[in-house]
Amino acid sequence: SIHRLFRIADMLSPKDGKRNATEKTSNAGLVAQMTLASIYILPLITFTIIYPLAVASGRVWLGDFFISSALDNGLAHCIGAIGLNLAVEAMMLCAMIRFLIVRIRIRKTESSASMHPRSGFLISNSLSWAQSLNSTALSLAFVCNVCLFGATAFNVGDPRINNENGYFGIHIPFAFVGFLCASLYAILQTVIDEIVLEAAKGDEGEKSHSLLHTLRWTLSIGSLICFIGMFAALGYSMPISATFEILLISQALVYFSTWHWEFAEFVTTIWSRMLATFLDQHDYALLHSE
């Protein structure tokens with residue numbers, strides 16, 4: 001349950017990440033990294049398959065090359081639904097892991113701030129705000145997950161026949177809310193990074209990653225701009241709107257790829273603690289024996 005995951009994060013200490021992982025926890029970390037990679041690898045593979053199929057069937061053309069058009073009907077719809085839904089599920093799982101990672105970083109920074117009474121109060125308030133944003137971001141990820149499933153399930157239909165073969169009135173609201181939540185999620189995560197990095201200044205154990213942080217700001221703001229452009233242009237220019245959609249998805253996928261360094265640093269610890277909740281004490285002691 002989510003409550004159990006919260007308790008797992010509370011149990012973690014900054015030194016846990018320095019432990020030597022055992023074979024099982026290393027494998028779990030590898031699985032988590034592969035799950036993160038599947039967020040952008042699965043869509044790329046899916047698009048590589050469905051776009052040629054949609055072009056061959058005449059559904060996608062220069063005047064309409066939306067992703068939803070590419071998976072509108074036939075075999076492309078079946079393949080697209082499987083590939084994209086798996087990617088959406090991977091995104092939700094990684095959002096939960098990211099929640100735990102942020103929670104650990106906040107607790108670590110709070111521990112360091114407690115050693116500096118003059119600034120500790122202000123830092124504590126800012127980190128409490130960051131944790132509230134972290135919870136809000138997880139909720140946005142869940143809504144995004146549901147809405148993207150809905151957008152995939154209800155095909156948009158062909159505009160050349162007034163979308164009579166689809167569910168335009170259902171698909172568009174799902175897509176609108178899903179893309180909006182995804183864009184806001186990326187922005188909130190970037191704001192959280194900003195708060196935690198600012199609070200951690202002077203902590204020798206905290207690396208700045210300034211270039212990576214700048215990249216995240218660029219991608220998150222860019223995705224929101226593309227979201228606005230996509231739906232603003234939908235009524236008068238489908239090619240422009242479709243271009244904004246592809247740019248939005250591209251920036252979102254690149255954004256998720258920037259999480260790998262954090263996953264590499266924290267995920268083995270998280271998964272080892274999760275294993276501890278499902279293994280009896282004897283097996284867990286054997287698993288982590290030196």
# chains A, B, ... in the order shown; residues from 1 in each chain; ligands from 1
call {"tool": "closest_atom_pairs", "arguments": {"of": "segment 65-132 of chain A", "to": "segment 136-160 of chain A", "cutoff": "9 Å", "atoms": "only C-alpha atoms", "output": "Markdown table"}}
result
| residue | atom | partner | partner_atom | distance |
| --- | --- | --- | --- | --- |
| A:Ser68 | CA | A:Val156 | CA | 6.5 |
| A:Ser69 | CA | A:Val156 | CA | 6.9 |
| A:Leu71 | CA | A:Asn155 | CA | 7.6 |
| A:Asp72 | CA | A:Asn155 | CA | 5.2 |
| A:Asn73 | CA | A:Asn155 | CA | 7.3 |
| A:His77 | CA | A:Asn155 | CA | 8.2 |
| A:Gly80 | CA | A:Thr152 | CA | 8.2 |
| A:Ala81 | CA | A:Thr152 | CA | 6.0 |
| A:Leu84 | CA | A:Thr152 | CA | 8.0 |
| A:Asn85 | CA | A:Phe149 | CA | 6.4 |
| A:Val88 | CA | A:Asn145 | CA | 6.1 |
| A:Glu89 | CA | A:Asn145 | CA | 7.1 |
| A:Met91 | CA | A:Asn145 | CA | 7.9 |
| A:Met92 | CA | A:Ala141 | CA | 6.4 |
| A:Ala95 | CA | A:Leu138 | CA | 6.5 |
| A:Met96 | CA | A:Leu138 | CA | 6.9 |
| A:Arg98 | CA | A:Leu138 | CA | 8.9 |
| A:Phe99 | CA | A:Leu138 | CA | 6.8 |
| A:Gln131 | CA | A:Thr136 | CA | 8.6 |
| A:Ser132 | CA | A:Thr136 | CA | 6.3 |
call {"tool": "write_last_selection", "arguments": {"atoms": "all heavy atoms", "output": "compact mmCIF listing (two decimals), in the first residue's frame"}}
result
# COMPACT_ATOMS: atom_id res chain seq x y z
N SER A 68 -2.58 10.19 -31.54
CA SER A 68 -3.89 9.55 -31.41
C SER A 68 -4.45 9.12 -32.76
O SER A 68 -5.20 8.15 -32.86
CB SER A 68 -4.88 10.50 -30.72
OG SER A 68 -4.95 11.74 -31.39
N SER A 69 -4.07 9.82 -33.81
CA SER A 69 -4.50 9.43 -35.15
C SER A 69 -3.75 8.18 -35.61
O SER A 69 -4.32 7.31 -36.28
CB SER A 69 -4.25 10.57 -36.15
OG SER A 69 -4.99 11.72 -35.79
N LEU A 71 -2.78 5.73 -33.80
CA LEU A 71 -3.31 4.53 -33.17
C LEU A 71 -4.84 4.53 -33.15
O LEU A 71 -5.47 3.97 -32.26
CB LEU A 71 -2.73 4.35 -31.75
CG LEU A 71 -2.84 5.52 -30.76
CD1 LEU A 71 -4.16 5.54 -30.02
CD2 LEU A 71 -1.72 5.44 -29.75
N ASP A 72 -5.42 5.13 -34.18
CA ASP A 72 -6.87 5.32 -34.20
C ASP A 72 -7.65 4.04 -34.46
O ASP A 72 -8.71 3.82 -33.87
CB ASP A 72 -7.23 6.37 -35.26
CG ASP A 72 -8.67 6.84 -35.12
OD1 ASP A 72 -9.17 6.91 -33.98
OD2 ASP A 72 -9.30 7.12 -36.15
N ASN A 73 -7.15 3.18 -35.33
CA ASN A 73 -7.94 1.98 -35.66
C ASN A 73 -7.04 0.86 -36.17
O ASN A 73 -5.85 1.05 -36.43
CB ASN A 73 -9.01 2.31 -36.71
CG ASN A 73 -8.45 3.04 -37.91
OD1 ASN A 73 -7.43 2.64 -38.47
ND2 ASN A 73 -9.11 4.13 -38.32
N HIS A 77 -3.98 0.41 -33.69
CA HIS A 77 -4.64 0.70 -32.42
C HIS A 77 -4.30 -0.37 -31.39
O HIS A 77 -4.01 -0.05 -30.22
CB HIS A 77 -6.15 0.77 -32.61
CG HIS A 77 -6.91 0.96 -31.33
ND1 HIS A 77 -6.96 2.17 -30.67
CD2 HIS A 77 -7.63 0.09 -30.58
CE1 HIS A 77 -7.68 2.04 -29.57
NE2 HIS A 77 -8.10 0.78 -29.49
N GLY A 80 -0.55 -0.03 -30.48
CA GLY A 80 -0.36 1.22 -29.77
C GLY A 80 -0.91 1.19 -28.36
O GLY A 80 -0.29 1.71 -27.42
N ALA A 81 -2.08 0.57 -28.18
CA ALA A 81 -2.69 0.49 -26.86
C ALA A 81 -1.81 -0.31 -25.91
O ALA A 81 -1.60 0.08 -24.75
CB ALA A 81 -4.07 -0.14 -26.96
N LEU A 84 1.78 1.81 -25.38
CA LEU A 84 1.65 3.06 -24.63
C LEU A 84 1.10 2.84 -23.23
O LEU A 84 1.51 3.51 -22.27
CB LEU A 84 0.78 4.05 -25.40
CG LEU A 84 1.36 4.50 -26.75
CD1 LEU A 84 0.46 5.55 -27.39
CD2 LEU A 84 2.77 5.06 -26.58
N ASN A 85 0.18 1.89 -23.07
CA ASN A 85 -0.36 1.62 -21.74
C ASN A 85 0.70 1.02 -20.81
O ASN A 85 0.74 1.32 -19.62
CB ASN A 85 -1.57 0.70 -21.82
CG ASN A 85 -2.80 1.42 -22.33
OD1 ASN A 85 -2.88 2.64 -22.29
ND2 ASN A 85 -3.78 0.67 -22.83
N VAL A 88 2.74 3.92 -19.72
CA VAL A 88 2.02 4.72 -18.71
C VAL A 88 2.09 4.05 -17.34
O VAL A 88 2.27 4.71 -16.31
CB VAL A 88 0.56 4.94 -19.15
CG1 VAL A 88 -0.27 5.52 -18.02
CG2 VAL A 88 0.50 5.86 -20.35
N GLU A 89 1.95 2.73 -17.31
CA GLU A 89 2.06 2.02 -16.05
C GLU A 89 3.46 2.13 -15.48
O GLU A 89 3.65 2.29 -14.26
CB GLU A 89 1.70 0.54 -16.24
CG GLU A 89 0.20 0.29 -16.35
CD GLU A 89 -0.53 0.79 -15.11
OE1 GLU A 89 -0.39 0.17 -14.03
OE2 GLU A 89 -1.25 1.80 -15.21
N MET A 91 5.44 4.61 -15.94
CA MET A 91 5.55 5.98 -15.45
C MET A 91 4.97 6.10 -14.05
O MET A 91 5.55 6.77 -13.18
CB MET A 91 4.83 6.94 -16.39
CG MET A 91 4.92 8.40 -15.99
SD MET A 91 3.86 9.48 -16.95
CE MET A 91 2.25 9.04 -16.28
N MET A 92 3.83 5.44 -13.80
CA MET A 92 3.21 5.52 -12.48
C MET A 92 4.09 4.86 -11.43
O MET A 92 4.27 5.38 -10.32
CB MET A 92 1.83 4.84 -12.52
CG MET A 92 1.02 5.03 -11.24
SD MET A 92 0.60 6.76 -10.95
CE MET A 92 0.81 6.88 -9.17
N ALA A 95 6.94 7.11 -10.74
CA ALA A 95 6.51 8.28 -9.98
C ALA A 95 6.45 7.96 -8.49
O ALA A 95 6.79 8.79 -7.64
CB ALA A 95 5.15 8.77 -10.47
N MET A 96 6.04 6.73 -8.16
CA MET A 96 6.01 6.32 -6.76
C MET A 96 7.42 6.20 -6.20
O MET A 96 7.69 6.61 -5.06
CB MET A 96 5.26 4.99 -6.63
CG MET A 96 3.78 5.08 -6.99
SD MET A 96 2.96 3.46 -7.02
CE MET A 96 3.05 3.03 -5.29
N ARG A 98 10.02 7.81 -7.35
CA ARG A 98 10.52 9.19 -7.27
C ARG A 98 9.99 9.87 -6.01
O ARG A 98 10.71 10.64 -5.37
CB ARG A 98 10.07 9.95 -8.52
CG ARG A 98 10.18 11.46 -8.45
CD ARG A 98 11.59 11.96 -8.47
NE ARG A 98 11.60 13.43 -8.40
CZ ARG A 98 12.68 14.18 -8.45
NH1 ARG A 98 13.86 13.62 -8.57
NH2 ARG A 98 12.59 15.49 -8.38
N PHE A 99 8.75 9.59 -5.64
CA PHE A 99 8.19 10.15 -4.40
C PHE A 99 9.05 9.75 -3.21
O PHE A 99 9.38 10.57 -2.34
CB PHE A 99 6.76 9.65 -4.20
CG PHE A 99 6.14 10.09 -2.90
CD1 PHE A 99 5.45 11.27 -2.81
CD2 PHE A 99 6.27 9.31 -1.76
CE1 PHE A 99 4.89 11.69 -1.61
CE2 PHE A 99 5.73 9.70 -0.55
CZ PHE A 99 5.03 10.91 -0.47
N GLN A 131 7.65 18.81 0.61
CA GLN A 131 6.98 17.52 0.80
C GLN A 131 5.50 17.59 0.41
O GLN A 131 4.94 16.63 -0.13
CB GLN A 131 7.11 17.06 2.25
CG GLN A 131 6.56 15.67 2.52
CD GLN A 131 7.14 14.62 1.59
OE1 GLN A 131 8.36 14.48 1.46
NE2 GLN A 131 6.28 13.89 0.90
N SER A 132 4.87 18.73 0.66
CA SER A 132 3.47 18.92 0.23
C SER A 132 3.37 18.88 -1.29
O SER A 132 2.47 18.26 -1.86
CB SER A 132 2.92 20.25 0.76
OG SER A 132 2.89 20.25 2.17
call {"tool": "residues_around", "arguments": {"residues": "segment 222-228 of chain A", "least_positions_apart": "2", "cutoff": "7 Å", "atoms": "only C-alpha atoms", "output": "list in words"}}
result
Phe179, Leu180, Ser183, Thr218, Leu219, Ser220, Met230, Phe231, Ala232, Phe244, Glu245, Leu247, Leu248, Gln251 and Ala252 of chain A
call {"tool": "write_last_selection", "arguments": {"atoms": "N, CA, C and O atoms", "output": "PDB file, in the first residue's frame"}}
result
ATOM      1  N   PHE A 179      -2.389  15.231 -20.481  1.00  0.00           N
ATOM      2  CA  PHE A 179      -1.205  16.010 -20.861  1.00  0.00           C
ATOM      3  C   PHE A 179      -0.960  17.168 -19.897  1.00  0.00           C
ATOM      4  O   PHE A 179       0.190  17.509 -19.589  1.00  0.00           O
ATOM      5  N   LEU A 180      -2.040  17.796 -19.428  1.00  0.00           N
ATOM      6  CA  LEU A 180      -1.894  18.894 -18.469  1.00  0.00           C
ATOM      7  C   LEU A 180      -1.251  18.399 -17.172  1.00  0.00           C
ATOM      8  O   LEU A 180      -0.318  19.024 -16.650  1.00  0.00           O
ATOM      9  N   SER A 183       2.445  17.695 -17.667  1.00  0.00           N
ATOM     10  CA  SER A 183       3.245  18.920 -17.720  1.00  0.00           C
ATOM     11  C   SER A 183       3.414  19.540 -16.338  1.00  0.00           C
ATOM     12  O   SER A 183       4.518  19.951 -15.946  1.00  0.00           O
ATOM     13  N   THR A 218      14.183  23.592 -18.389  1.00  0.00           N
ATOM     14  CA  THR A 218      13.913  23.833 -19.808  1.00  0.00           C
ATOM     15  C   THR A 218      12.860  22.866 -20.349  1.00  0.00           C
ATOM     16  O   THR A 218      11.918  23.270 -21.052  1.00  0.00           O
ATOM     17  N   LEU A 219      12.997  21.596 -19.996  1.00  0.00           N
ATOM     18  CA  LEU A 219      12.076  20.573 -20.494  1.00  0.00           C
ATOM     19  C   LEU A 219      10.689  20.721 -19.885  1.00  0.00           C
ATOM     20  O   LEU A 219       9.677  20.565 -20.588  1.00  0.00           O
ATOM     21  N   SER A 220      10.610  21.008 -18.602  1.00  0.00           N
ATOM     22  CA  SER A 220       9.304  21.103 -17.947  1.00  0.00           C
ATOM     23  C   SER A 220       8.528  22.333 -18.421  1.00  0.00           C
ATOM     24  O   SER A 220       7.327  22.245 -18.720  1.00  0.00           O
ATOM     25  N   MET A 230      -0.491  23.136 -28.403  1.00  0.00           N
ATOM     26  CA  MET A 230      -1.214  22.018 -29.020  1.00  0.00           C
ATOM     27  C   MET A 230      -2.718  22.266 -29.034  1.00  0.00           C
ATOM     28  O   MET A 230      -3.376  22.137 -30.078  1.00  0.00           O
ATOM     29  N   PHE A 231      -3.272  22.624 -27.885  1.00  0.00           N
ATOM     30  CA  PHE A 231      -4.722  22.780 -27.814  1.00  0.00           C
ATOM     31  C   PHE A 231      -5.179  24.145 -28.325  1.00  0.00           C
ATOM     32  O   PHE A 231      -6.317  24.283 -28.777  1.00  0.00           O
ATOM     33  N   ALA A 232      -4.300  25.156 -28.287  1.00  0.00           N
ATOM     34  CA  ALA A 232      -4.659  26.460 -28.846  1.00  0.00           C
ATOM     35  C   ALA A 232      -4.747  26.390 -30.363  1.00  0.00           C
ATOM     36  O   ALA A 232      -5.586  27.057 -30.985  1.00  0.00           O
ATOM     37  N   PHE A 244       3.143  20.409 -32.078  1.00  0.00           N
ATOM     38  CA  PHE A 244       3.267  20.714 -30.653  1.00  0.00           C
ATOM     39  C   PHE A 244       3.109  19.449 -29.806  1.00  0.00           C
ATOM     40  O   PHE A 244       3.805  19.287 -28.797  1.00  0.00           O
ATOM     41  N   GLU A 245       2.201  18.557 -30.206  1.00  0.00           N
ATOM     42  CA  GLU A 245       2.013  17.327 -29.448  1.00  0.00           C
ATOM     43  C   GLU A 245       3.280  16.465 -29.459  1.00  0.00           C
ATOM     44  O   GLU A 245       3.706  15.954 -28.420  1.00  0.00           O
ATOM     45  N   LEU A 247       6.336  17.471 -29.960  1.00  0.00           N
ATOM     46  CA  LEU A 247       7.364  18.150 -29.168  1.00  0.00           C
ATOM     47  C   LEU A 247       7.107  17.972 -27.675  1.00  0.00           C
ATOM     48  O   LEU A 247       8.046  17.777 -26.883  1.00  0.00           O
ATOM     49  N   LEU A 248       5.836  18.034 -27.277  1.00  0.00           N
ATOM     50  CA  LEU A 248       5.477  17.841 -25.873  1.00  0.00           C
ATOM     51  C   LEU A 248       5.903  16.450 -25.396  1.00  0.00           C
ATOM     52  O   LEU A 248       6.556  16.304 -24.350  1.00  0.00           O
ATOM     53  N   GLN A 251       9.761  16.080 -25.184  1.00  0.00           N
ATOM     54  CA  GLN A 251      10.350  16.721 -24.010  1.00  0.00           C
ATOM     55  C   GLN A 251      10.033  15.956 -22.730  1.00  0.00           C
ATOM     56  O   GLN A 251      10.882  15.837 -21.838  1.00  0.00           O
ATOM     57  N   ALA A 252       8.818  15.418 -22.645  1.00  0.00           N
ATOM     58  CA  ALA A 252       8.450  14.635 -21.462  1.00  0.00           C
ATOM     59  C   ALA A 252       9.310  13.380 -21.341  1.00  0.00           C
ATOM     60  O   ALA A 252       9.774  13.027 -20.251  1.00  0.00           O
TER      61      ALA A 252
END
call {"tool": "residues_around", "arguments": {"residues": "Cys94 of chain A", "least_positions_apart": "3", "cutoff": "12 Å", "atoms": "only C-alpha atoms", "output": "PyMOL selection string"}}
result
chain A and resi 31-39+87-91+97-101+138+141-142+145+256-257+259-260+262-263+267
call {"tool": "atom_distance", "arguments": {"atom1": "atom CA of Leu253 of chain A", "atom2": "atom CA of Tyr40 of chain A"}}
result
5.2 Å
call {"tool": "residues_around", "arguments": {"residues": "segment 194-198 of chain A", "least_positions_apart": "4", "cutoff": "7 Å", "atoms": "only C-alpha atoms", "output": "list in words"}}
result
Ile106, Ser126, Leu127, Ala130, Thr190 and Ser208 of chain A
call {"tool": "closest_residue", "arguments": {"among": "A:Val254, A:Ile82, A:Leu184, A:Ala70", "to": "Val55 of chain A", "atoms": "only C-alpha atoms"}}
result
A:Ala70
call {"tool": "closest_residue", "arguments": {"among": "A:Ile249, A:Ser237, A:Tyr255, A:Ile45", "to": "Leu62 of chain A", "atoms": "only C-alpha atoms"}}
result
A:Ser237
call {"tool": "atom_distance", "arguments": {"atom1": "atom CA of Ile50 of chain A", "atom2": "atom CA of Ala76 of chain A"}}
result
4.8 Å
call {"tool": "closest_residue", "arguments": {"among": "A:Ile161, A:Trp129, A:Ser111, A:Arg103", "to": "Arg59 of chain A", "atoms": "only C-alpha atoms"}}
result
A:Ile161
call {"tool": "atom_distance", "arguments": {"atom1": "atom CA of Ala186 of chain A", "atom2": "atom CA of Arg216 of chain A"}}
result
8.1 Å
call {"tool": "decode", "arguments": {"residues": "segment 115-224 of chain A", "atoms": "C-alpha atoms", "output": "PDB file, in the first residue's frame"}}
result
ATOM      1  CA  MET A 115      22.849  21.283  12.995  1.00  0.00           C
ATOM      2  CA  HIS A 116      22.472  24.972  12.009  1.00  0.00           C
ATOM      3  CA  PRO A 117      19.882  26.525  14.411  1.00  0.00           C
ATOM      4  CA  ARG A 118      19.900  29.956  12.763  1.00  0.00           C
ATOM      5  CA  SER A 119      18.761  28.721   9.389  1.00  0.00           C
ATOM      6  CA  GLY A 120      17.178  25.438  10.456  1.00  0.00           C
ATOM      7  CA  PHE A 121      13.687  26.884  10.986  1.00  0.00           C
ATOM      8  CA  LEU A 122      13.470  28.492   7.549  1.00  0.00           C
ATOM      9  CA  ILE A 123      14.874  25.381   5.886  1.00  0.00           C
ATOM     10  CA  SER A 124      12.399  23.188   7.756  1.00  0.00           C
ATOM     11  CA  ASN A 125       9.486  25.308   6.497  1.00  0.00           C
ATOM     12  CA  SER A 126      10.694  25.200   2.899  1.00  0.00           C
ATOM     13  CA  LEU A 127      11.207  21.438   3.081  1.00  0.00           C
ATOM     14  CA  SER A 128       7.711  20.958   4.511  1.00  0.00           C
ATOM     15  CA  TRP A 129       6.432  22.867   1.487  1.00  0.00           C
ATOM     16  CA  ALA A 130       8.506  20.628  -0.767  1.00  0.00           C
ATOM     17  CA  GLN A 131       6.977  17.515   0.802  1.00  0.00           C
ATOM     18  CA  SER A 132       3.472  18.918   0.230  1.00  0.00           C
ATOM     19  CA  LEU A 133       4.371  19.513  -3.412  1.00  0.00           C
ATOM     20  CA  ASN A 134       5.746  15.967  -3.561  1.00  0.00           C
ATOM     21  CA  SER A 135       2.393  14.541  -2.444  1.00  0.00           C
ATOM     22  CA  THR A 136       0.534  16.772  -4.896  1.00  0.00           C
ATOM     23  CA  ALA A 137       2.813  15.637  -7.727  1.00  0.00           C
ATOM     24  CA  LEU A 138       2.097  11.976  -6.940  1.00  0.00           C
ATOM     25  CA  SER A 139      -1.633  12.718  -7.143  1.00  0.00           C
ATOM     26  CA  LEU A 140      -1.120  14.409 -10.518  1.00  0.00           C
ATOM     27  CA  ALA A 141       0.761  11.344 -11.739  1.00  0.00           C
ATOM     28  CA  PHE A 142      -2.176   9.133 -10.770  1.00  0.00           C
ATOM     29  CA  VAL A 143      -4.700  11.360 -12.569  1.00  0.00           C
ATOM     30  CA  CYS A 144      -2.397  11.455 -15.602  1.00  0.00           C
ATOM     31  CA  ASN A 145      -2.206   7.665 -15.533  1.00  0.00           C
ATOM     32  CA  VAL A 146      -5.993   7.256 -15.592  1.00  0.00           C
ATOM     33  CA  CYS A 147      -6.551   9.918 -18.254  1.00  0.00           C
ATOM     34  CA  LEU A 148      -3.926   8.580 -20.653  1.00  0.00           C
ATOM     35  CA  PHE A 149      -5.505   5.150 -20.331  1.00  0.00           C
ATOM     36  CA  GLY A 150      -8.829   6.755 -21.219  1.00  0.00           C
ATOM     37  CA  ALA A 151      -7.388   8.621 -24.197  1.00  0.00           C
ATOM     38  CA  THR A 152      -5.943   5.365 -25.518  1.00  0.00           C
ATOM     39  CA  ALA A 153      -9.137   3.387 -24.950  1.00  0.00           C
ATOM     40  CA  PHE A 154     -11.439   5.870 -26.732  1.00  0.00           C
ATOM     41  CA  ASN A 155     -10.075   6.437 -30.237  1.00  0.00           C
ATOM     42  CA  VAL A 156     -10.362   9.942 -31.624  1.00  0.00           C
ATOM     43  CA  GLY A 157     -11.890   9.151 -35.026  1.00  0.00           C
ATOM     44  CA  ASP A 158     -11.098  10.474 -38.494  1.00  0.00           C
ATOM     45  CA  PRO A 159     -11.737  14.251 -38.907  1.00  0.00           C
ATOM     46  CA  ARG A 160     -12.344  13.766 -42.647  1.00  0.00           C
ATOM     47  CA  ILE A 161     -15.647  12.091 -41.754  1.00  0.00           C
ATOM     48  CA  ASN A 162     -16.368  14.339 -38.768  1.00  0.00           C
ATOM     49  CA  ASN A 163     -14.914  11.805 -36.334  1.00  0.00           C
ATOM     50  CA  GLU A 164     -17.980   9.598 -36.775  1.00  0.00           C
ATOM     51  CA  ASN A 165     -15.904   6.433 -36.375  1.00  0.00           C
ATOM     52  CA  GLY A 166     -14.474   7.498 -33.017  1.00  0.00           C
ATOM     53  CA  TYR A 167     -15.190   9.083 -29.644  1.00  0.00           C
ATOM     54  CA  PHE A 168     -13.815  12.576 -30.149  1.00  0.00           C
ATOM     55  CA  GLY A 169     -15.899  14.094 -27.335  1.00  0.00           C
ATOM     56  CA  ILE A 170     -14.498  11.581 -24.848  1.00  0.00           C
ATOM     57  CA  HIS A 171     -10.962  11.272 -26.161  1.00  0.00           C
ATOM     58  CA  ILE A 172     -10.130  14.992 -26.128  1.00  0.00           C
ATOM     59  CA  PRO A 173     -11.020  15.651 -22.432  1.00  0.00           C
ATOM     60  CA  PHE A 174      -8.989  12.610 -21.400  1.00  0.00           C
ATOM     61  CA  ALA A 175      -6.026  13.771 -23.504  1.00  0.00           C
ATOM     62  CA  PHE A 176      -6.339  17.368 -22.262  1.00  0.00           C
ATOM     63  CA  VAL A 177      -6.311  16.445 -18.563  1.00  0.00           C
ATOM     64  CA  GLY A 178      -3.658  13.747 -19.036  1.00  0.00           C
ATOM     65  CA  PHE A 179      -1.205  16.010 -20.861  1.00  0.00           C
ATOM     66  CA  LEU A 180      -1.894  18.894 -18.469  1.00  0.00           C
ATOM     67  CA  CYS A 181      -1.189  16.717 -15.423  1.00  0.00           C
ATOM     68  CA  ALA A 182       1.991  15.383 -17.030  1.00  0.00           C
ATOM     69  CA  SER A 183       3.245  18.920 -17.720  1.00  0.00           C
ATOM     70  CA  LEU A 184       2.380  20.161 -14.228  1.00  0.00           C
ATOM     71  CA  TYR A 185       3.965  17.056 -12.713  1.00  0.00           C
ATOM     72  CA  ALA A 186       7.291  17.813 -14.394  1.00  0.00           C
ATOM     73  CA  ILE A 187       7.145  21.441 -13.244  1.00  0.00           C
ATOM     74  CA  LEU A 188       6.367  20.475  -9.644  1.00  0.00           C
ATOM     75  CA  GLN A 189       9.230  17.984  -9.573  1.00  0.00           C
ATOM     76  CA  THR A 190      11.580  20.674 -10.848  1.00  0.00           C
ATOM     77  CA  VAL A 191      10.350  23.129  -8.206  1.00  0.00           C
ATOM     78  CA  ILE A 192      10.936  20.450  -5.552  1.00  0.00           C
ATOM     79  CA  ASP A 193      14.495  20.000  -6.830  1.00  0.00           C
ATOM     80  CA  GLU A 194      14.988  23.770  -6.579  1.00  0.00           C
ATOM     81  CA  ILE A 195      13.793  23.875  -2.971  1.00  0.00           C
ATOM     82  CA  VAL A 196      15.842  20.884  -1.846  1.00  0.00           C
ATOM     83  CA  LEU A 197      18.997  22.046  -3.617  1.00  0.00           C
ATOM     84  CA  GLU A 198      18.653  25.508  -2.085  1.00  0.00           C
ATOM     85  CA  ALA A 199      18.109  24.055   1.391  1.00  0.00           C
ATOM     86  CA  ALA A 200      21.079  21.723   0.989  1.00  0.00           C
ATOM     87  CA  LYS A 201      23.603  24.472   0.212  1.00  0.00           C
ATOM     88  CA  GLY A 202      26.638  24.047   2.367  1.00  0.00           C
ATOM     89  CA  ASP A 203      25.990  20.322   2.864  1.00  0.00           C
ATOM     90  CA  GLU A 204      29.135  18.617   1.659  1.00  0.00           C
ATOM     91  CA  GLY A 205      27.204  15.445   0.897  1.00  0.00           C
ATOM     92  CA  GLU A 206      24.896  17.169  -1.559  1.00  0.00           C
ATOM     93  CA  LYS A 207      25.990  17.551  -5.173  1.00  0.00           C
ATOM     94  CA  SER A 208      24.606  20.478  -7.136  1.00  0.00           C
ATOM     95  CA  HIS A 209      23.933  18.957 -10.604  1.00  0.00           C
ATOM     96  CA  SER A 210      23.355  22.495 -11.913  1.00  0.00           C
ATOM     97  CA  LEU A 211      23.431  21.547 -15.603  1.00  0.00           C
ATOM     98  CA  LEU A 212      20.952  18.734 -15.088  1.00  0.00           C
ATOM     99  CA  HIS A 213      18.687  21.028 -13.088  1.00  0.00           C
ATOM    100  CA  THR A 214      18.745  23.640 -15.847  1.00  0.00           C
ATOM    101  CA  LEU A 215      17.850  20.965 -18.374  1.00  0.00           C
ATOM    102  CA  ARG A 216      14.873  19.902 -16.252  1.00  0.00           C
ATOM    103  CA  TRP A 217      13.611  23.471 -16.034  1.00  0.00           C
ATOM    104  CA  THR A 218      13.913  23.833 -19.808  1.00  0.00           C
ATOM    105  CA  LEU A 219      12.076  20.573 -20.494  1.00  0.00           C
ATOM    106  CA  SER A 220       9.304  21.103 -17.947  1.00  0.00           C
ATOM    107  CA  ILE A 221       8.536  24.680 -19.027  1.00  0.00           C
ATOM    108  CA  GLY A 222       8.853  23.660 -22.672  1.00  0.00           C
ATOM    109  CA  SER A 223       6.358  20.833 -22.245  1.00  0.00           C
ATOM    110  CA  LEU A 224       3.804  23.214 -20.715  1.00  0.00           C
TER     111      LEU A 224
END
